[in-house]
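Participant: The structure file run17.cif (mmCIF, C-alpha atoms) is provided below.
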```cif
data_query
loop_
_atom_site.label_atom_id
_atom_site.label_comp_id
_atom_site.auth_asym_id
_atom_site.auth_seq_id
_atom_site.Cartn_x
_atom_site.Cartn_y
_atom_site.Cartn_z
CA MET L 1 0.69 -19.76 -75.91
CA VAL L 2 -2.94 -20.67 -75.27
CA GLY L 3 -2.00 -23.05 -72.48
CA HIS L 4 0.19 -20.44 -70.81
CA LEU L 5 -2.58 -17.88 -71.12
CA PHE L 6 -5.00 -20.17 -69.31
CA LEU L 7 -2.62 -20.73 -66.43
CA CYS L 8 -2.23 -17.03 -65.83
CA PHE L 9 -5.90 -16.74 -64.83
CA CYS L 10 -6.21 -19.83 -62.63
CA PHE L 11 -7.44 -17.82 -59.63
CA LEU L 12 -10.34 -16.22 -61.52
CA SER L 13 -13.63 -18.01 -62.07
CA LEU L 14 -13.47 -20.22 -65.12
CA ALA L 15 -15.79 -18.00 -67.15
CA GLU L 16 -13.77 -14.90 -66.20
CA ALA L 17 -10.51 -16.65 -67.05
CA VAL L 18 -11.73 -17.69 -70.47
CA ARG L 19 -13.34 -14.32 -71.23
CA THR L 20 -10.15 -12.53 -70.18
CA ALA L 21 -7.94 -14.84 -72.19
CA PHE L 22 -10.10 -15.11 -75.30
CA GLY L 23 -11.95 -11.83 -75.57
CA GLY L 24 -15.30 -13.10 -74.31
CA LYS L 25 -15.83 -15.58 -77.19
CA TYR L 26 -16.21 -18.78 -75.20
CA ILE L 27 -18.31 -21.68 -76.55
CA VAL L 28 -18.94 -25.05 -74.92
CA VAL L 29 -20.11 -27.78 -77.26
CA ASP L 30 -22.14 -30.30 -75.29
CA LYS L 31 -22.71 -32.96 -77.94
CA SER L 32 -20.93 -34.46 -80.93
CA ASN L 33 -21.72 -33.42 -84.50
CA GLN L 34 -22.93 -30.03 -83.25
CA LEU L 35 -23.01 -27.26 -85.82
CA VAL L 36 -21.32 -24.00 -84.82
CA GLU L 37 -21.23 -20.74 -86.78
CA LEU L 38 -18.41 -18.27 -86.18
CA ASN L 39 -18.42 -14.70 -87.51
CA CYS L 40 -15.31 -12.70 -88.30
CA ASN L 41 -17.37 -9.49 -88.74
CA ALA L 42 -14.82 -8.12 -91.17
CA SER L 43 -15.50 -4.83 -92.96
CA PRO L 44 -16.08 -4.75 -96.74
CA ASP L 45 -12.56 -3.34 -97.21
CA GLN L 46 -11.07 -6.10 -95.09
CA LEU L 47 -13.02 -8.74 -97.02
CA GLN L 48 -11.78 -7.27 -100.28
CA THR L 49 -8.19 -7.36 -99.04
CA GLY L 50 -8.68 -10.91 -97.85
CA ILE L 51 -9.04 -12.78 -94.59
CA HIS L 52 -8.33 -16.29 -93.38
CA TRP L 53 -9.19 -18.51 -90.40
CA GLN L 54 -6.81 -20.41 -88.17
CA LEU L 55 -7.25 -23.18 -85.59
CA ASN L 56 -4.64 -23.05 -82.81
CA GLY L 57 -2.39 -21.01 -85.12
CA VAL L 58 -2.67 -23.37 -88.10
CA PRO L 59 -4.46 -22.05 -91.24
CA LEU L 60 -7.70 -23.85 -92.14
CA ARG L 61 -8.40 -25.17 -95.63
CA LYS L 62 -12.21 -25.51 -95.68
CA ASN L 63 -14.18 -22.23 -95.78
CA ALA L 64 -10.96 -20.57 -94.70
CA HIS L 65 -11.55 -17.20 -96.41
CA SER L 66 -15.21 -16.53 -95.66
CA ASP L 67 -16.56 -14.03 -93.15
CA LYS L 68 -18.64 -16.83 -91.63
CA LEU L 69 -17.10 -20.13 -90.64
CA ASN L 70 -19.47 -23.10 -90.30
CA LEU L 71 -18.10 -25.96 -88.20
CA GLU L 72 -19.26 -29.44 -87.35
CA VAL L 73 -17.62 -30.19 -84.02
CA THR L 74 -17.23 -33.94 -83.51
CA ASP L 75 -14.22 -34.49 -81.27
CA ARG L 76 -11.07 -32.96 -79.78
CA PRO L 77 -9.36 -32.13 -83.12
CA ASP L 78 -12.24 -29.72 -83.82
CA ALA L 79 -11.86 -27.87 -80.50
CA GLY L 80 -9.51 -25.05 -79.60
CA ASN L 81 -8.81 -21.42 -80.50
CA TYR L 82 -10.39 -20.28 -83.77
CA SER L 83 -9.06 -16.93 -84.98
CA CYS L 84 -9.74 -14.69 -87.98
CA HIS L 85 -6.80 -12.75 -89.49
CA MET L 86 -6.00 -10.33 -92.30
CA ASN L 87 -4.15 -11.92 -95.19
CA ASN L 88 -1.68 -9.07 -95.74
CA THR L 89 -0.72 -8.27 -92.13
CA SER L 90 -1.91 -11.36 -90.19
CA ALA L 91 -3.65 -8.89 -87.86
CA LEU L 92 -6.16 -10.55 -85.54
CA LEU L 93 -9.75 -9.53 -86.21
CA LYS L 94 -11.75 -11.95 -84.02
CA HIS L 95 -11.24 -15.14 -82.11
CA TYR L 96 -13.37 -17.78 -80.38
CA TYR L 97 -12.58 -20.61 -78.08
CA ILE L 98 -14.46 -23.91 -78.44
CA LEU L 99 -14.41 -26.57 -75.70
CA ILE L 100 -16.04 -29.99 -75.81
CA ASP L 101 -18.18 -30.89 -72.79
CA VAL L 102 -17.11 -34.33 -71.53
CA GLU L 103 -20.03 -34.82 -69.11
CA LYS L 104 -21.35 -37.83 -71.02
CA GLN L 105 -17.92 -39.23 -71.85
CA THR L 106 -16.05 -41.80 -69.78
CA ASP L 107 -12.68 -40.15 -70.41
CA LYS L 108 -13.14 -37.25 -68.00
CA ILE L 109 -10.75 -34.59 -66.78
CA LEU L 110 -11.28 -35.52 -63.12
CA LYS L 111 -10.34 -38.91 -61.73
CA GLU L 112 -13.08 -41.00 -60.12
CA THR L 113 -12.21 -42.42 -56.68
CA ASN L 114 -14.57 -44.79 -54.84
CA GLY L 115 -17.43 -43.71 -57.04
CA GLN L 116 -16.89 -39.99 -56.39
CA TYR L 117 -15.14 -37.20 -58.23
CA ILE L 118 -15.17 -34.67 -55.37
CA THR L 119 -14.56 -35.28 -51.65
CA CYS L 120 -15.49 -32.59 -49.12
CA GLN L 121 -14.80 -32.26 -45.40
CA ALA L 122 -15.00 -29.72 -42.58
CA GLU L 123 -13.07 -29.65 -39.30
CA ARG L 124 -15.86 -27.81 -37.47
CA PHE L 125 -19.44 -26.58 -37.72
CA GLY L 126 -19.63 -23.41 -39.82
CA GLY L 127 -16.79 -21.38 -41.23
CA THR L 128 -14.44 -23.06 -43.67
CA PHE L 129 -14.78 -26.35 -45.51
CA THR L 130 -12.61 -27.91 -48.21
CA CYS L 131 -13.27 -30.04 -51.28
CA SER L 132 -10.58 -31.96 -53.13
CA TRP L 133 -10.24 -33.98 -56.31
CA SER L 134 -7.60 -35.56 -58.55
CA GLU L 135 -7.01 -34.67 -62.18
CA ARG L 136 -6.30 -37.08 -65.01
CA GLU L 137 -4.84 -34.30 -67.13
CA LYS L 138 -3.64 -30.78 -66.44
CA ALA L 139 -6.48 -28.28 -66.31
CA ILE L 140 -7.62 -25.00 -64.78
CA PHE L 141 -10.38 -25.11 -62.17
CA SER L 142 -13.04 -22.87 -60.73
CA ALA L 143 -15.18 -23.69 -57.68
CA SER L 144 -18.08 -21.79 -56.12
CA PHE L 145 -20.86 -22.62 -53.67
CA HIS L 146 -24.20 -21.42 -52.37
CA ARG L 147 -26.84 -22.43 -49.83
CA ASP L 148 -30.13 -23.70 -51.21
CA GLY L 149 -32.56 -20.79 -51.37
CA TRP L 150 -29.74 -18.23 -51.45
CA ASN L 151 -30.68 -15.31 -53.72
CA GLY L 152 -27.23 -13.76 -53.97
CA ASN L 153 -24.32 -14.67 -56.21
CA PRO L 154 -22.40 -17.89 -55.52
CA LYS L 155 -19.28 -17.49 -53.39
CA ASP L 156 -15.95 -18.31 -54.99
CA CYS L 157 -13.52 -20.76 -53.40
CA ALA L 158 -9.73 -20.48 -53.37
CA ILE L 159 -7.98 -23.14 -55.50
CA THR L 160 -4.65 -24.65 -54.43
CA HIS L 161 -2.60 -27.44 -55.99
CA THR L 162 -0.63 -30.23 -54.33
CA PRO L 163 1.44 -32.96 -56.05
CA ASP L 164 -1.49 -35.41 -55.85
CA THR L 165 -4.70 -33.39 -55.57
CA VAL L 166 -6.38 -30.06 -56.20
CA GLN L 167 -8.24 -28.41 -53.31
CA ALA L 168 -10.92 -25.75 -53.04
CA THR L 169 -11.14 -23.86 -49.74
CA CYS L 170 -14.55 -22.28 -49.19
CA THR L 171 -15.72 -19.97 -46.39
CA ASP L 172 -19.40 -20.01 -45.47
CA GLN L 173 -20.48 -16.95 -43.47
CA THR L 174 -24.22 -17.53 -43.91
CA PHE L 175 -24.60 -20.24 -41.27
CA SER L 176 -24.33 -20.06 -37.47
CA PRO L 177 -22.99 -23.26 -35.84
CA TYR L 178 -25.39 -22.66 -32.93
CA ALA L 179 -28.44 -22.88 -35.22
CA GLU L 180 -30.01 -25.88 -36.91
CA GLU L 181 -28.67 -26.44 -40.41
CA LEU L 182 -31.76 -26.49 -42.65
CA ARG L 183 -30.32 -25.67 -46.08
CA GLN L 184 -27.84 -27.76 -48.01
CA ILE L 185 -24.67 -26.45 -49.60
CA THR L 186 -24.23 -26.90 -53.34
CA ILE L 187 -20.69 -26.65 -54.67
CA THR L 188 -20.06 -26.31 -58.40
CA LEU L 189 -16.73 -27.29 -59.88
CA GLU L 190 -15.71 -26.38 -63.44
CA ALA L 191 -12.62 -27.72 -65.19
CA ALA L 192 -11.14 -26.82 -68.58
CA THR L 193 -8.19 -27.97 -70.64
CA SER L 194 -7.12 -26.52 -73.97
CA LYS L 195 -9.90 -28.50 -75.68
CA ARG L 196 -12.30 -29.94 -73.08
CA TYR L 197 -14.73 -28.73 -70.44
CA GLU L 198 -16.24 -30.51 -67.44
CA LYS L 199 -18.70 -29.52 -64.72
CA HIS L 200 -19.57 -31.24 -61.43
CA THR L 201 -21.97 -30.39 -58.60
CA LYS L 202 -22.16 -31.82 -55.09
CA HIS L 203 -24.80 -31.30 -52.38
CA PHE L 204 -24.26 -31.76 -48.63
CA TYR L 205 -24.82 -30.49 -45.12
CA ILE L 206 -21.79 -29.52 -43.05
CA ARG L 207 -22.76 -32.16 -40.48
CA ASP L 208 -22.39 -34.83 -43.19
CA ILE L 209 -18.80 -33.92 -44.08
CA LEU L 210 -17.43 -33.35 -40.56
CA LYS L 211 -13.99 -34.76 -39.84
CA PRO L 212 -12.40 -33.12 -36.77
CA ALA L 213 -8.68 -32.52 -36.61
CA ALA L 214 -6.67 -34.91 -34.45
CA PRO L 215 -6.75 -34.31 -30.67
CA LYS L 216 -3.84 -32.33 -29.28
CA GLU L 217 -1.49 -32.41 -26.28
CA LEU L 218 -1.63 -36.14 -25.65
CA THR L 219 0.21 -36.68 -22.33
CA THR L 220 0.91 -39.70 -20.14
CA SER L 221 1.92 -40.15 -16.52
CA GLU L 222 2.59 -43.31 -14.55
CA ARG L 223 2.21 -44.31 -10.96
CA SER L 224 2.81 -47.82 -9.77
CA GLN L 225 1.08 -50.08 -12.31
CA GLN L 226 -1.38 -47.44 -13.59
CA ILE L 227 -0.88 -45.17 -16.61
CA GLN L 228 -2.95 -41.98 -16.82
CA VAL L 229 -3.57 -40.50 -20.28
CA ASN L 230 -4.96 -37.02 -20.98
CA TRP L 231 -5.68 -35.16 -24.20
CA GLN L 232 -7.44 -32.01 -25.41
CA TYR L 233 -9.97 -31.19 -28.12
CA PRO L 234 -8.54 -30.08 -31.49
CA GLU L 235 -7.68 -26.41 -31.71
CA SER L 236 -10.04 -25.93 -34.66
CA TRP L 237 -13.09 -27.51 -32.99
CA ASN L 238 -16.10 -25.43 -31.93
CA SER L 239 -16.53 -24.16 -28.39
CA PRO L 240 -17.90 -24.41 -25.78
CA HIS L 241 -17.07 -28.11 -25.77
CA SER L 242 -20.07 -28.86 -23.58
CA TYR L 243 -22.28 -27.71 -26.47
CA PHE L 244 -20.14 -29.40 -29.16
CA PRO L 245 -19.04 -32.68 -27.51
CA LEU L 246 -16.69 -35.16 -29.14
CA LEU L 247 -16.49 -38.92 -28.73
CA SER L 248 -12.96 -40.28 -28.26
CA HIS L 249 -11.64 -43.63 -29.42
CA PHE L 250 -8.90 -44.70 -27.01
CA SER L 251 -6.54 -47.53 -27.94
CA VAL L 252 -3.40 -49.05 -26.45
CA ASN L 253 -1.03 -51.36 -28.31
CA LEU L 254 1.95 -53.29 -26.99
CA ILE L 255 4.87 -52.98 -29.40
CA SER L 256 7.02 -56.09 -29.63
CA LYS L 257 10.79 -56.16 -30.02
CA ASN L 258 10.50 -56.30 -33.82
CA ARG L 259 8.47 -53.04 -33.64
CA ARG L 260 5.22 -54.73 -34.63
CA LYS L 261 1.93 -54.11 -32.92
CA ASN L 262 0.13 -57.06 -31.39
CA LYS L 263 -3.16 -56.03 -33.01
CA ASP L 264 -4.72 -53.31 -35.14
CA THR L 265 -7.13 -51.29 -33.00
CA SER L 266 -8.18 -48.81 -35.69
CA ALA L 267 -11.50 -50.62 -36.10
CA GLU L 268 -14.68 -49.16 -34.64
CA PRO L 269 -14.65 -49.39 -30.82
CA VAL L 270 -17.65 -51.20 -29.32
CA ILE L 271 -16.87 -51.12 -25.59
CA PRO L 272 -17.27 -47.97 -23.48
CA CYS L 273 -14.16 -47.16 -21.49
CA SER L 274 -16.27 -46.78 -18.33
CA SER L 275 -17.70 -50.30 -18.54
CA THR L 276 -14.77 -52.00 -16.83
CA ASN L 277 -11.35 -51.47 -15.28
CA HIS L 278 -9.08 -51.85 -18.26
CA ARG L 279 -5.94 -53.87 -17.74
CA LEU L 280 -3.29 -54.25 -20.42
CA LYS L 281 -2.39 -57.95 -20.80
CA PRO L 282 -0.02 -59.84 -23.11
CA HIS L 283 -1.49 -60.16 -26.63
CA GLN L 284 -4.64 -58.33 -25.56
CA ASN L 285 -4.77 -54.63 -26.38
CA ILE L 286 -7.24 -51.98 -25.29
CA SER L 287 -9.83 -50.35 -27.56
CA CYS L 288 -12.78 -48.42 -26.13
CA TYR L 289 -14.71 -45.16 -26.45
CA THR L 290 -15.27 -42.36 -23.97
CA GLU L 291 -16.77 -38.88 -23.83
CA ARG L 292 -14.11 -37.72 -21.38
CA PRO L 293 -10.70 -36.45 -22.55
CA SER L 294 -8.85 -38.75 -20.16
CA MET L 295 -8.30 -42.44 -19.49
CA ALA L 296 -6.42 -44.61 -16.99
CA PHE L 297 -5.49 -48.26 -17.34
CA LEU L 298 -3.52 -50.88 -15.43
CA ILE L 299 -0.57 -52.95 -16.60
CA ALA L 300 -0.56 -56.66 -15.85
CA LYS L 301 2.19 -57.84 -13.50
CA LYS L 302 3.66 -60.07 -16.19
CA HIS L 303 4.69 -56.94 -18.09
CA ILE L 304 6.85 -55.66 -15.25
CA SER L 305 9.50 -58.33 -15.73
CA ASN L 306 10.80 -56.73 -18.95
CA LYS L 307 10.93 -53.31 -20.55
CA LYS L 308 7.96 -52.74 -22.85
CA GLU L 309 7.03 -49.95 -25.24
CA ILE L 310 3.36 -49.06 -25.38
CA GLU L 311 1.71 -47.10 -28.18
CA ILE L 312 -1.20 -44.98 -26.94
CA CYS L 313 -3.51 -43.47 -29.58
CA VAL L 314 -6.62 -41.29 -29.49
CA ARG L 315 -8.92 -40.11 -32.26
CA VAL L 316 -12.20 -38.18 -32.05
CA ARG L 317 -15.48 -37.68 -33.88
CA GLU L 318 -18.62 -35.60 -33.42
CA LEU L 319 -20.83 -37.26 -30.82
CA PHE L 320 -24.38 -36.81 -32.11
CA PHE L 321 -24.05 -36.95 -35.91
CA HIS L 322 -21.46 -39.77 -35.96
CA SER L 323 -19.01 -37.89 -38.14
CA THR L 324 -15.91 -39.38 -39.73
CA TRP L 325 -13.17 -40.20 -37.23
CA SER L 326 -10.23 -37.83 -37.09
CA GLU L 327 -6.70 -39.04 -37.65
CA PHE L 328 -5.03 -40.64 -34.63
CA SER L 329 -2.80 -38.73 -32.22
CA CYS L 330 -0.29 -41.24 -30.88
CA LYS L 331 2.44 -41.34 -28.29
CA ASN L 332 4.87 -44.10 -27.36
CA HIS L 333 5.17 -44.72 -23.64
CA THR L 334 8.19 -46.74 -22.46
CA LYS L 335 7.61 -48.86 -19.41
CA CYS L 336 10.82 -48.55 -17.37
CA VAL L 337 11.36 -51.14 -14.66
CA HIS L 338 13.74 -50.45 -11.78
CA THR L 339 14.64 -52.74 -8.89
CA CYS L 340 15.43 -50.69 -5.81
CA ILE L 341 16.79 -51.74 -2.45
CA LEU L 342 15.35 -49.40 0.16
CA CYS L 343 17.13 -49.32 3.52
CA MET L 344 15.95 -48.26 6.91
CA PRO L 345 16.78 -44.74 8.24
CA LEU L 346 20.34 -44.07 9.36
CA ARG L 347 19.47 -44.37 13.01
CA SER L 348 18.39 -47.92 12.30
CA ARG L 349 20.98 -48.77 9.69
CA PHE L 350 21.98 -51.95 11.47
CA SER L 351 18.45 -53.22 11.62
CA GLN L 352 17.12 -55.69 9.12
CA ASN L 353 16.95 -54.28 5.59
CA ILE L 354 13.62 -54.11 3.83
CA LYS L 355 13.63 -54.88 0.13
CA SER L 356 10.87 -53.92 -2.27
CA LEU L 357 10.27 -53.67 -5.99
CA ILE L 358 9.24 -50.32 -7.40
CA SER L 359 8.01 -49.90 -10.97
CA SER L 360 8.01 -46.39 -12.38
CA ASN L 361 8.53 -44.29 -15.47
CA ASP L 362 10.61 -41.82 -13.45
CA ASP L 363 14.26 -42.52 -12.59
CA SER L 364 13.79 -40.47 -9.40
CA CYS L 365 11.96 -43.45 -7.88
CA CYS L 366 15.37 -44.85 -7.12
CA SER L 367 17.04 -41.64 -6.00
CA VAL L 368 18.42 -41.23 -2.52
CA ILE L 369 15.57 -40.75 -0.09
CA GLU L 370 16.22 -38.45 2.88
CA ASN L 371 17.91 -40.34 5.74
CA ASN L 372 18.04 -43.51 3.62
CA TYR L 373 20.50 -45.34 1.46
CA CYS L 374 19.11 -46.37 -1.96
CA LYS L 375 20.83 -48.41 -4.64
CA THR L 376 19.40 -48.82 -8.14
CA ILE L 377 19.79 -52.11 -9.94
CA ILE L 378 18.62 -52.23 -13.59
#
```
Kindly transcribe the structure held in the file into structure tokens.
Facilitator:
Amino acid sequence: MVGHLFLCFCFLSLAEAVRTAFGGKYIVVDKSNQLVELNCNASPDQLQTGIHWQLNGVPLRKNAHSDKLNLEVTDRPDAGNYSCHMNNTSALLKHYYILIDVEKQTDKILKETNGQYITCQAERFGGTFTCSWSEREKAIFSASFHRDGWNGNPKDCAITHTPDTVQATCTDQTFSPYAEELRQITITLEAATSKRYEKHTKHFYIRDILKPAAPKELTTSERSQQIQVNWQYPESWNSPHSYFPLLSHFSVNLISKNRRKNKDTSAEPVIPCSSTNHRLKPHQNISCYTERPSMAFLIAKKHISNKKEIEICVRVRELFFHSTWSEFSCKNHTKCVHTCILCMPLRSRFSQNIKSLISSNDDSCCSVIENNYCKTII
């Protein structure tokens, strides 16, 4: 019943949830062998009739019938819901909830990943940021945050659960993205199970946890041997974009017949896209960075002999603070090769034919041209 009661108040702050569930008698024991005194506060008539103490619904044997219950809390078996009842009616007179603080223990409620218990990120300057963590055992959570120097109460964050992680979504309305960020954010996370309690804090600036969303509307067009690629800033990114510029990592991979890429281009780009005319060659992919949301590259003639599929990917990051890269937006571009025989106009149909090769991504390249005969050979 206790576990179910906790779950009912998962959207309140942890202190509010415990106070609501256990009548305000909430005790955290932060060290082993700590002495705790609990008072039933029974009346003389109730003491004469008889009282008894229970732990998680099980009657105690030691000091079980005294108005005061002295405990030595050493480990999990000593934690839980202590309640005082009448002997004759089992009516509840008082109850307390004791949790053991696991801050100094290695067996924590939260799971440590890459040396961290909490990971935070923001898709833009100001507004909303999220923090996530993984749990080693089922628990209820409460998260709140404040800016350093803030005199008001901490702001609560909304808690949501996924199959793998727990996430706190926090909205900061105290900071303007157009101003310099001078004060850090401190987020406090509390976790409680039926017997244990854990608290974590994390400090950061929004600029340190930036990870933009992936760029949108990645489009490609082809003319002759050149492919033009365009993309747009993420929908959630700040505007105007001239004031909040993003750096783009542009990469092109040739996909072989067995659907494998020739090379992984997710590593940090070191060449600016404007430094040279990029030409896609066999076994040599493209990886460069640019501040413009567009890129054009050439395809080597050797690639025109066969159909090729090209994977084009773009990811972005904040330009000045070198934020974390976004996820990639990718699009597969199929290089279609058509051989067309173009004939002279009808009035010269008996003259010598002119043959040429046309490479295009558009089947209309081999459509009938006005006053001409055109035959497509694939």
Participant: Applied to this file, what does the PyMOL selection byres ((chain L and resi 69-79) around 7) return in terms of residues, put as a list of chain:residue names?
Facilitator: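 Against this file, the PyMOL selection byres ((chain L and resi 69-79) around 7) returns the residues L:Ser32, L:Asn33, L:Gln34, L:Leu35, L:Val36, L:Glu37, L:Leu38, L:Asn39, L:Asn63, L:Ser66, L:Asp67, L:Lys68, L:Gly80, L:Ile98, L:Leu99, L:Ile100, L:Lys195.
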Participant: Neighbouring residues of His322 in chain L were defined as those with any atom within 9 Å, considering only C-alpha atoms; residues of the same chain fewer than 6 positions away were excluded. Please report them as a list in words.
Facilitator: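 Answer for this query is Arg207, Asp208, Leu210 and Leu247 of chain L.
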Participant: Could you spell out the hits of the PyMOL selection byres ((chain L and resi 232) around 12) on the shown file, as an NGL selection string?
Facilitator: :L and (213-219 or 229-231 or 233-237 or 241 or 245-248 or 291-294 or 314-316 or 329)
Participant: Write a file of the selected residues as a short mmCIF file (atom, residue, chain, number, x, y, z; two decimals), in the frame of the given file, keeping C-alpha atoms.
Facilitator:
```cif
data_model
loop_
_atom_site.label_atom_id
_atom_site.label_comp_id
_atom_site.auth_asym_id
_atom_site.auth_seq_id
_atom_site.Cartn_x
_atom_site.Cartn_y
_atom_site.Cartn_z
CA ALA L 213 -8.68 -32.52 -36.61
CA ALA L 214 -6.67 -34.91 -34.45
CA PRO L 215 -6.75 -34.31 -30.67
CA LYS L 216 -3.84 -32.33 -29.28
CA GLU L 217 -1.49 -32.41 -26.28
CA LEU L 218 -1.63 -36.14 -25.65
CA THR L 219 0.21 -36.68 -22.33
CA VAL L 229 -3.57 -40.50 -20.28
CA ASN L 230 -4.96 -37.02 -20.98
CA TRP L 231 -5.68 -35.16 -24.20
CA TYR L 233 -9.97 -31.19 -28.12
CA PRO L 234 -8.54 -30.08 -31.49
CA GLU L 235 -7.68 -26.41 -31.71
CA SER L 236 -10.04 -25.93 -34.66
CA TRP L 237 -13.09 -27.51 -32.99
CA HIS L 241 -17.07 -28.11 -25.77
CA PRO L 245 -19.04 -32.68 -27.51
CA LEU L 246 -16.69 -35.16 -29.14
CA LEU L 247 -16.49 -38.92 -28.73
CA SER L 248 -12.96 -40.28 -28.26
CA GLU L 291 -16.77 -38.88 -23.83
CA ARG L 292 -14.11 -37.72 -21.38
CA PRO L 293 -10.70 -36.45 -22.55
CA SER L 294 -8.85 -38.75 -20.16
CA VAL L 314 -6.62 -41.29 -29.49
CA ARG L 315 -8.92 -40.11 -32.26
CA VAL L 316 -12.20 -38.18 -32.05
CA SER L 329 -2.80 -38.73 -32.22
#
```
Participant: Take CA of Trp325 in chain L and CA of His249 in chain L and report the distance between them in Å, one decimal.
Facilitator: 8.7 Å
Participant: List the spatial neighbours of Glu198 in chain L as a PDB file with C-alpha atoms, in the frame of the given file - criterion: any atom at most 8 Å away, all atoms listed in the file, same-chain residues fewer than 4 positions off excluded.
Facilitator:
```
ATOM      1  CA  ASP L 101     -18.180 -30.890 -72.790  1.00  0.00           C
ATOM      2  CA  VAL L 102     -17.110 -34.330 -71.530  1.00  0.00           C
ATOM      3  CA  GLU L 103     -20.030 -34.820 -69.110  1.00  0.00           C
ATOM      4  CA  LYS L 108     -13.140 -37.250 -68.000  1.00  0.00           C
ATOM      5  CA  ILE L 109     -10.750 -34.590 -66.780  1.00  0.00           C
ATOM      6  CA  GLU L 190     -15.710 -26.380 -63.440  1.00  0.00           C
ATOM      7  CA  ALA L 191     -12.620 -27.720 -65.190  1.00  0.00           C
ATOM      8  CA  ALA L 192     -11.140 -26.820 -68.580  1.00  0.00           C
TER       9      ALA L 192
END
```
